[in-house]
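Have a look at data.cif below; it lists mmCIF, C-alpha atoms.
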```
data_query
#
loop_
_atom_site.label_atom_id
_atom_site.label_comp_id
_atom_site.auth_asym_id
_atom_site.auth_seq_id
_atom_site.Cartn_x
_atom_site.Cartn_y
_atom_site.Cartn_z
CA MET A 1 -8.89 15.03 37.79
CA SER A 2 -10.53 13.84 34.57
CA ASP A 3 -7.08 13.04 33.13
CA ASN A 4 -6.37 10.55 35.90
CA ASN A 5 -7.24 7.14 34.48
CA TYR A 6 -5.35 5.09 37.05
CA GLN A 7 -7.06 1.86 38.03
CA PRO A 8 -5.63 -0.07 41.02
CA PRO A 9 -4.38 -3.57 40.16
CA LYS A 10 -5.83 -6.61 41.88
CA VAL A 11 -2.60 -7.02 43.87
CA TRP A 12 -0.41 -4.03 44.71
CA THR A 13 3.32 -4.31 44.02
CA TRP A 14 6.09 -1.98 45.13
CA GLN A 15 7.46 0.28 42.39
CA LYS A 16 10.87 1.40 43.67
CA GLY A 17 11.67 5.04 43.09
CA GLU A 18 8.09 6.29 43.06
CA GLY A 19 6.76 8.52 45.81
CA GLY A 20 8.54 11.85 45.55
CA THR A 21 10.93 13.35 48.09
CA PHE A 22 11.13 10.38 50.44
CA ALA A 23 10.96 7.60 47.86
CA ASN A 24 14.51 6.48 48.62
CA ILE A 25 13.68 5.57 52.24
CA ASN A 26 10.09 4.38 51.94
CA ARG A 27 9.56 0.65 51.64
CA PRO A 28 6.76 -1.82 52.40
CA ILE A 29 8.74 -4.00 54.83
CA ALA A 30 10.14 -3.55 58.34
CA GLY A 31 13.40 -4.63 59.96
CA PRO A 32 17.04 -3.50 59.63
CA THR A 33 18.88 -2.99 56.36
CA HIS A 34 22.36 -2.84 57.88
CA GLU A 35 24.30 -3.50 61.06
CA ARG A 36 25.19 -0.55 63.24
CA THR A 37 25.50 -0.10 67.00
CA LEU A 38 23.99 3.10 68.33
CA PRO A 39 26.28 5.44 70.26
CA ILE A 40 25.75 5.89 74.00
CA GLY A 41 26.71 9.16 75.66
CA LYS A 42 27.34 10.10 79.27
CA HIS A 43 23.81 10.87 80.45
CA PRO A 44 21.08 8.47 81.63
CA LEU A 45 18.71 9.48 78.82
CA GLN A 46 19.83 8.67 75.28
CA LEU A 47 17.71 10.17 72.52
CA TYR A 48 18.03 9.11 68.88
CA SER A 49 16.19 11.62 66.75
CA LEU A 50 15.97 14.32 64.10
CA GLY A 51 14.66 17.87 64.54
CA THR A 52 11.34 17.28 62.81
CA PRO A 53 8.13 18.18 64.68
CA ASN A 54 7.99 14.72 66.27
CA GLY A 55 11.60 14.98 67.39
CA GLN A 56 11.09 18.51 68.72
CA LYS A 57 8.36 17.34 71.08
CA VAL A 58 10.86 15.33 73.12
CA THR A 59 13.74 17.80 73.13
CA ILE A 60 11.39 20.63 74.13
CA LEU A 61 10.10 18.58 77.07
CA LEU A 62 13.61 17.65 78.15
CA GLU A 63 14.72 21.29 78.00
CA GLU A 64 11.62 22.33 79.97
CA LEU A 65 12.46 19.75 82.64
CA LEU A 66 16.05 20.96 82.84
CA ALA A 67 14.79 24.55 83.13
CA LEU A 68 12.90 23.45 86.24
CA GLY A 69 16.12 22.12 87.72
CA VAL A 70 15.43 18.43 87.07
CA SER A 71 19.06 17.38 86.65
CA ALA A 72 18.10 13.75 86.07
CA ALA A 73 16.60 14.84 82.75
CA GLU A 74 20.05 15.52 81.30
CA TYR A 75 20.33 13.82 77.94
CA ASP A 76 22.41 13.06 74.89
CA ALA A 77 20.64 13.71 71.58
CA HIS A 78 22.17 11.67 68.77
CA LEU A 79 21.37 12.62 65.20
CA ILE A 80 19.47 10.08 63.09
CA ARG A 81 19.61 11.13 59.44
CA ILE A 82 16.44 9.56 58.09
CA GLY A 83 17.26 10.63 54.54
CA GLU A 84 20.31 8.38 54.72
CA GLY A 85 18.44 5.46 56.28
CA ASP A 86 19.94 5.62 59.80
CA GLN A 87 16.58 4.55 61.20
CA PHE A 88 16.99 1.17 59.52
CA SER A 89 20.19 0.25 61.35
CA SER A 90 20.09 -2.83 63.55
CA GLY A 91 20.76 -0.66 66.63
CA PHE A 92 17.91 1.72 65.92
CA VAL A 93 15.47 -1.07 65.08
CA ASP A 94 16.30 -2.62 68.46
CA VAL A 95 15.10 0.61 70.11
CA ASN A 96 12.17 1.17 67.78
CA PRO A 97 11.02 -1.74 65.60
CA ASN A 98 8.89 0.77 63.68
CA SER A 99 12.02 2.62 62.43
CA LYS A 100 10.64 6.08 63.16
CA ILE A 101 12.20 8.90 65.15
CA PRO A 102 12.27 9.77 68.00
CA ALA A 103 13.40 6.82 70.10
CA LEU A 104 14.65 6.94 73.69
CA MET A 105 16.69 4.65 75.91
CA ASP A 106 16.53 5.25 79.66
CA HIS A 107 19.75 3.94 81.22
CA SER A 108 18.87 5.19 84.70
CA VAL A 109 17.24 1.81 85.34
CA THR A 110 18.46 -1.77 84.95
CA PRO A 111 17.83 -3.15 82.45
CA PRO A 112 17.46 0.02 80.36
CA ILE A 113 13.95 0.84 79.16
CA ARG A 114 13.25 1.62 75.52
CA VAL A 115 10.50 4.10 74.70
CA PHE A 116 9.33 4.77 71.16
CA GLU A 117 6.60 6.90 69.56
CA SER A 118 6.74 10.56 70.53
CA GLY A 119 3.50 10.57 72.51
CA ALA A 120 4.65 7.60 74.57
CA ILE A 121 7.97 9.32 75.27
CA LEU A 122 6.23 12.50 76.46
CA LEU A 123 3.97 10.53 78.76
CA TYR A 124 6.87 8.43 80.07
CA LEU A 125 9.03 11.46 80.90
CA ALA A 126 6.15 13.45 82.41
CA GLU A 127 5.27 10.55 84.70
CA LYS A 128 8.90 9.75 85.52
CA PHE A 129 9.74 13.30 86.60
CA GLY A 130 6.33 14.47 87.81
CA HIS A 131 5.99 17.60 85.69
CA PHE A 132 3.78 18.89 82.86
CA LEU A 133 1.06 16.31 83.56
CA PRO A 134 -1.54 17.35 86.17
CA LYS A 135 -2.12 15.14 89.19
CA ASP A 136 -5.83 15.95 89.40
CA LEU A 137 -7.78 13.23 87.58
CA ALA A 138 -9.97 15.56 85.53
CA ALA A 139 -7.09 17.83 84.50
CA ARG A 140 -4.85 14.84 83.75
CA THR A 141 -7.54 13.28 81.58
CA GLU A 142 -8.08 16.53 79.66
CA THR A 143 -4.35 16.77 79.01
CA LEU A 144 -4.28 13.20 77.72
CA ASN A 145 -7.34 13.91 75.58
CA TRP A 146 -5.33 16.55 73.71
CA LEU A 147 -2.13 14.51 73.64
CA PHE A 148 -3.96 11.72 71.86
CA TRP A 149 -5.83 14.25 69.71
CA LEU A 150 -2.44 15.32 68.39
CA GLN A 151 -1.26 11.77 67.78
CA GLY A 152 -4.38 11.11 65.72
CA SER A 153 -4.56 14.48 63.97
CA ALA A 154 -0.96 15.27 62.98
CA PRO A 155 -0.79 12.57 60.26
CA TYR A 156 -3.50 14.47 58.36
CA LEU A 157 -1.38 17.62 58.58
CA GLY A 158 1.99 15.99 57.82
CA GLY A 159 1.39 12.87 55.75
CA GLY A 160 -1.72 14.37 54.20
CA PHE A 161 -1.55 18.13 53.67
CA GLY A 162 2.23 18.51 53.99
CA HIS A 163 2.95 15.68 51.61
CA PHE A 164 0.62 16.71 48.82
CA TYR A 165 1.15 20.47 49.22
CA ASN A 166 4.92 20.42 49.62
CA TYR A 167 6.57 17.08 48.80
CA ALA A 168 4.52 15.15 46.24
CA PRO A 169 6.09 14.94 42.74
CA MET A 170 2.92 16.45 41.24
CA LYS A 171 0.26 18.86 42.48
CA ILE A 172 -3.04 17.04 42.79
CA GLU A 173 -5.90 19.46 43.35
CA TYR A 174 -8.21 16.91 44.94
CA ALA A 175 -5.59 15.74 47.45
CA ILE A 176 -4.50 19.26 48.40
CA ASN A 177 -8.09 20.42 48.82
CA ARG A 178 -9.02 17.34 50.83
CA PHE A 179 -6.21 17.72 53.35
CA ALA A 180 -6.29 21.53 53.44
CA MET A 181 -9.93 21.27 54.46
CA GLU A 182 -9.12 18.81 57.23
CA THR A 183 -6.14 20.89 58.44
CA LYS A 184 -8.31 23.99 58.64
CA ARG A 185 -10.96 22.05 60.54
CA GLN A 186 -8.29 21.02 63.05
CA LEU A 187 -7.09 24.62 63.35
CA ASP A 188 -10.64 25.65 64.10
CA VAL A 189 -10.84 22.99 66.81
CA LEU A 190 -7.71 24.45 68.42
CA ASP A 191 -8.84 28.05 67.96
CA ARG A 192 -12.18 27.36 69.66
CA GLN A 193 -10.49 25.56 72.56
CA LEU A 194 -7.99 28.39 73.02
CA ALA A 195 -10.76 31.01 73.02
CA THR A 196 -11.51 30.03 76.63
CA HIS A 197 -8.18 28.53 77.76
CA ARG A 198 -4.71 30.02 78.03
CA PHE A 199 -3.11 26.71 77.08
CA ILE A 200 -4.46 23.71 75.23
CA SER A 201 -5.91 21.76 78.15
CA GLY A 202 -6.52 24.65 80.55
CA ASP A 203 -4.56 27.33 82.36
CA GLU A 204 -1.55 25.06 82.89
CA TYR A 205 1.23 24.44 80.35
CA THR A 206 1.41 20.67 79.81
CA ILE A 207 2.66 17.94 77.52
CA ALA A 208 -0.42 18.67 75.40
CA ASP A 209 1.08 22.04 74.44
CA ILE A 210 4.53 20.48 74.02
CA ALA A 211 3.10 17.84 71.68
CA ILE A 212 0.93 20.14 69.59
CA TRP A 213 3.19 23.18 69.18
CA PRO A 214 5.95 21.64 66.99
CA TRP A 215 3.33 20.71 64.41
CA TYR A 216 0.65 23.38 64.56
CA GLY A 217 2.59 26.18 66.25
CA SER A 218 5.38 25.82 63.73
CA LEU A 219 2.80 25.96 60.97
CA ALA A 220 1.51 29.24 62.42
CA LYS A 221 5.04 30.68 62.60
CA GLY A 222 5.60 29.95 58.91
CA GLY A 223 8.21 27.27 59.54
CA LEU A 224 6.27 24.27 58.27
CA TYR A 225 5.56 23.81 54.55
CA SER A 226 5.55 27.63 54.07
CA ALA A 227 1.78 27.33 54.12
CA ALA A 228 0.72 29.99 56.64
CA GLU A 229 -0.71 32.28 53.95
CA PHE A 230 -2.30 29.45 51.98
CA LEU A 231 -4.15 28.25 55.08
CA ASP A 232 -4.92 31.80 56.29
CA LEU A 233 -3.36 31.06 59.67
CA ALA A 234 -3.63 34.69 60.79
CA SER A 235 -7.43 34.37 60.94
CA TYR A 236 -7.18 31.93 63.87
CA LYS A 237 -6.55 34.65 66.46
CA ASN A 238 -6.70 32.57 69.64
CA PHE A 239 -4.51 29.90 68.13
CA VAL A 240 -1.90 32.42 66.96
CA ARG A 241 -1.82 34.01 70.44
CA TRP A 242 -1.08 30.60 71.95
CA ALA A 243 1.51 29.73 69.29
CA ASP A 244 3.37 32.97 69.98
CA GLU A 245 3.34 32.48 73.74
CA VAL A 246 4.70 28.95 73.55
CA ALA A 247 7.31 29.97 70.97
CA SER A 248 8.65 32.62 73.36
CA ARG A 249 9.56 30.09 76.07
CA PRO A 250 13.37 29.72 76.37
CA ALA A 251 13.15 25.92 76.62
CA VAL A 252 11.09 25.80 73.42
CA LYS A 253 13.68 27.95 71.64
CA ARG A 254 16.39 25.52 72.71
CA GLY A 255 14.50 22.29 72.17
CA ARG A 256 13.32 23.12 68.67
CA ILE A 257 16.87 23.36 67.28
CA VAL A 258 18.24 20.09 68.71
CA ASN A 259 19.04 17.52 65.99
CA ARG A 260 17.95 20.11 63.43
CA THR A 261 19.78 19.87 60.08
CA PHE A 262 17.91 22.50 58.07
CA GLY A 263 17.23 26.22 58.22
CA GLU A 264 19.56 28.92 59.48
CA PRO A 265 22.94 27.61 60.77
CA SER A 266 22.35 29.39 64.08
CA GLU A 267 19.22 27.25 64.51
CA GLN A 268 20.95 23.93 63.91
CA LEU A 269 22.40 21.95 66.80
CA HIS A 270 23.04 18.60 65.15
CA GLU A 271 23.80 16.81 68.40
CA ARG A 272 23.31 17.84 71.99
CA HIS A 273 25.47 16.34 74.73
CA ASP A 274 25.81 19.25 77.14
CA ALA A 275 23.90 22.45 77.94
CA SER A 276 26.87 24.46 76.68
CA ASP A 277 26.38 23.04 73.18
CA PHE A 278 23.68 25.68 72.53
CA GLU A 279 26.33 28.38 72.92
CA LEU A 280 29.28 26.56 71.40
CA ARG A 281 28.21 23.97 68.85
CA THR A 282 25.44 25.34 66.63
CA GLU A 283 26.40 25.15 62.97
CA ASP A 284 27.18 28.85 62.67
CA LYS A 285 29.71 28.52 65.53
CA LEU A 286 31.31 25.39 64.11
CA ALA A 287 31.75 27.05 60.72
CA LYS A 288 33.98 29.79 62.16
#
```
Output the file's structure as structure tokens, nothing else.
Amino acid sequence: MSDNNYQPPKVWTWQKGEGGTFANINRPIAGPTHERTLPIGKHPLQLYSLGTPNGQKVTILLEELLALGVSAAEYDAHLIRIGEGDQFSSGFVDVNPNSKIPALMDHSVTPPIRVFESGAILLYLAEKFGHFLPKDLAARTETLNWLFWLQGSAPYLGGGFGHFYNYAPMKIEYAINRFAMETKRQLDVLDRQLATHRFISGDEYTIADIAIWPWYGSLAKGGLYSAAEFLDLASYKNFVRWADEVASRPAVKRGRIVNRTFGEPSEQLHERHDASDFELRTEDKLAK
């Protein structure tokens, strides 16, 4: 830390190319960079996403709804390759002016409704279909408490810890320690809550679990930043029990691989347009 003599200038200016892994897509302005119309499939719900934790939230919920027999939750999941700047197309910016995945268009109504930000999409779908959000006021409020906890906490895990531990062009001890401490504090919050509750907000599986698992559950399963040992995840016994239970759900197993472009080929379903795609169109099947 003593070797860092950087002093911020009076006015910040953008230095293109700096910023590590995602430097080629990060920029200080909004709006589209190119014209492109988004594809529209055959189902009422059109999802434009990538199989990151935020994208997995929505596909897991949709698969859970379909598992309950909610046929109106059928969806097309179109791949948005953020590394190639798809999120800056004119079509995507029309759906989400913030140029972040996931983004949803609901064509079951006229005019179609756009929904962006993963937490908003979870709430929209839960209310639309009447599942995974309790009707009782106290239970509903507790579920929303944890949904918004995730929306506020995950940036410290992803943009904070994940960036400096895994993606930053240099290892900065102060930054890693700062965000590792905060991540472990959050894990302790979850572990204490799960000591007396089967699921995050109580005994009922809700959108709180669906929101939190792709980030923190994936971390526990070793699939996020390869940091399970570094953070001593195994010591959070109640949290690990919950992470394992949610991971075992068939809809979670399906939803977590939709729009996924990394990992084992059998766990990559780049686009999902039909339930049969899980059996027929994962990357290992397409390679044969």
Name the residues captured by the PyMOL selection byres ((chain A and resi 194) around 12) when it is applied to the shown file; answer as a short mmCIF file (atom, residue, chain, number, x, y, z; two decimals) with C-alpha atoms, keeping the file's coordinate frame.
```cif
data_model
loop_
_atom_site.label_atom_id
_atom_site.label_comp_id
_atom_site.auth_asym_id
_atom_site.auth_seq_id
_atom_site.Cartn_x
_atom_site.Cartn_y
_atom_site.Cartn_z
CA LEU A 187 -7.09 24.62 63.35
CA ASP A 188 -10.64 25.65 64.10
CA VAL A 189 -10.84 22.99 66.81
CA LEU A 190 -7.71 24.45 68.42
CA ASP A 191 -8.84 28.05 67.96
CA ARG A 192 -12.18 27.36 69.66
CA GLN A 193 -10.49 25.56 72.56
CA ALA A 195 -10.76 31.01 73.02
CA THR A 196 -11.51 30.03 76.63
CA HIS A 197 -8.18 28.53 77.76
CA ARG A 198 -4.71 30.02 78.03
CA PHE A 199 -3.11 26.71 77.08
CA ILE A 200 -4.46 23.71 75.23
CA SER A 201 -5.91 21.76 78.15
CA GLY A 202 -6.52 24.65 80.55
CA ASP A 203 -4.56 27.33 82.36
CA ASP A 209 1.08 22.04 74.44
CA TYR A 236 -7.18 31.93 63.87
CA LYS A 237 -6.55 34.65 66.46
CA ASN A 238 -6.70 32.57 69.64
CA PHE A 239 -4.51 29.90 68.13
CA VAL A 240 -1.90 32.42 66.96
CA ARG A 241 -1.82 34.01 70.44
CA TRP A 242 -1.08 30.60 71.95
CA ALA A 243 1.51 29.73 69.29
#
```
Best match for closeness to Ile210 (chain A) among A:Glu264, A:Asp136, A:Glu35, A:Glu63, counting only C-alpha atoms
A:Glu63
Please list as a PDB file with C-alpha atoms, keeping the file's coordinate frame every residue within 9 Å of region 67-84 of chain A, counting only C-alpha atoms and excluding residues in the same chain fewer than 6 positions away.
```pdb
ATOM      1  CA  PHE A  22      11.130  10.380  50.440  1.00  0.00           C
ATOM      2  CA  ASN A  24      14.510   6.480  48.620  1.00  0.00           C
ATOM      3  CA  ILE A  25      13.680   5.570  52.240  1.00  0.00           C
ATOM      4  CA  LEU A  38      23.990   3.100  68.330  1.00  0.00           C
ATOM      5  CA  PRO A  39      26.280   5.440  70.260  1.00  0.00           C
ATOM      6  CA  ILE A  40      25.750   5.890  74.000  1.00  0.00           C
ATOM      7  CA  GLY A  41      26.710   9.160  75.660  1.00  0.00           C
ATOM      8  CA  LYS A  42      27.340  10.100  79.270  1.00  0.00           C
ATOM      9  CA  HIS A  43      23.810  10.870  80.450  1.00  0.00           C
ATOM     10  CA  PRO A  44      21.080   8.470  81.630  1.00  0.00           C
ATOM     11  CA  LEU A  45      18.710   9.480  78.820  1.00  0.00           C
ATOM     12  CA  GLN A  46      19.830   8.670  75.280  1.00  0.00           C
ATOM     13  CA  LEU A  47      17.710  10.170  72.520  1.00  0.00           C
ATOM     14  CA  TYR A  48      18.030   9.110  68.880  1.00  0.00           C
ATOM     15  CA  SER A  49      16.190  11.620  66.750  1.00  0.00           C
ATOM     16  CA  LEU A  50      15.970  14.320  64.100  1.00  0.00           C
ATOM     17  CA  GLY A  51      14.660  17.870  64.540  1.00  0.00           C
ATOM     18  CA  THR A  59      13.740  17.800  73.130  1.00  0.00           C
ATOM     19  CA  PHE A  92      17.910   1.720  65.920  1.00  0.00           C
ATOM     20  CA  LYS A 100      10.640   6.080  63.160  1.00  0.00           C
ATOM     21  CA  ILE A 101      12.200   8.900  65.150  1.00  0.00           C
ATOM     22  CA  PRO A 102      12.270   9.770  68.000  1.00  0.00           C
ATOM     23  CA  SER A 108      18.870   5.190  84.700  1.00  0.00           C
ATOM     24  CA  LEU A 125       9.030  11.460  80.900  1.00  0.00           C
ATOM     25  CA  PHE A 129       9.740  13.300  86.600  1.00  0.00           C
ATOM     26  CA  PRO A 250      13.370  29.720  76.370  1.00  0.00           C
ATOM     27  CA  ALA A 251      13.150  25.920  76.620  1.00  0.00           C
ATOM     28  CA  VAL A 258      18.240  20.090  68.710  1.00  0.00           C
ATOM     29  CA  ASN A 259      19.040  17.520  65.990  1.00  0.00           C
ATOM     30  CA  ARG A 260      17.950  20.110  63.430  1.00  0.00           C
ATOM     31  CA  THR A 261      19.780  19.870  60.080  1.00  0.00           C
ATOM     32  CA  HIS A 270      23.040  18.600  65.150  1.00  0.00           C
ATOM     33  CA  GLU A 271      23.800  16.810  68.400  1.00  0.00           C
ATOM     34  CA  ARG A 272      23.310  17.840  71.990  1.00  0.00           C
ATOM     35  CA  HIS A 273      25.470  16.340  74.730  1.00  0.00           C
ATOM     36  CA  ASP A 274      25.810  19.250  77.140  1.00  0.00           C
ATOM     37  CA  ALA A 275      23.900  22.450  77.940  1.00  0.00           C
TER      38      ALA A 275
END
```
Any chance you could resolve the PyMOL selection byres ((chain A and resi 149) around 12) against this file and give the residues as an MDAnalysis selection string?
chainID A and resid 119 142:148 150:156 186 189:190 200:201 208:209 211:212
Around the point (0.7, 37.8, 57.8) (coordinates from the file), which residues reach within 10 Å if we count only C-alpha atoms? Answer as a tab-separated table (two decimals) with C-alpha atoms, keeping the file's coordinate frame.
```
chain	number	residue	atom	x	y	z
A	220	ALA	CA	1.51	29.24	62.42
A	221	LYS	CA	5.04	30.68	62.60
A	222	GLY	CA	5.60	29.95	58.91
A	228	ALA	CA	0.72	29.99	56.64
A	229	GLU	CA	-0.71	32.28	53.95
A	232	ASP	CA	-4.92	31.80	56.29
A	233	LEU	CA	-3.36	31.06	59.67
A	234	ALA	CA	-3.63	34.69	60.79
A	235	SER	CA	-7.43	34.37	60.94
```
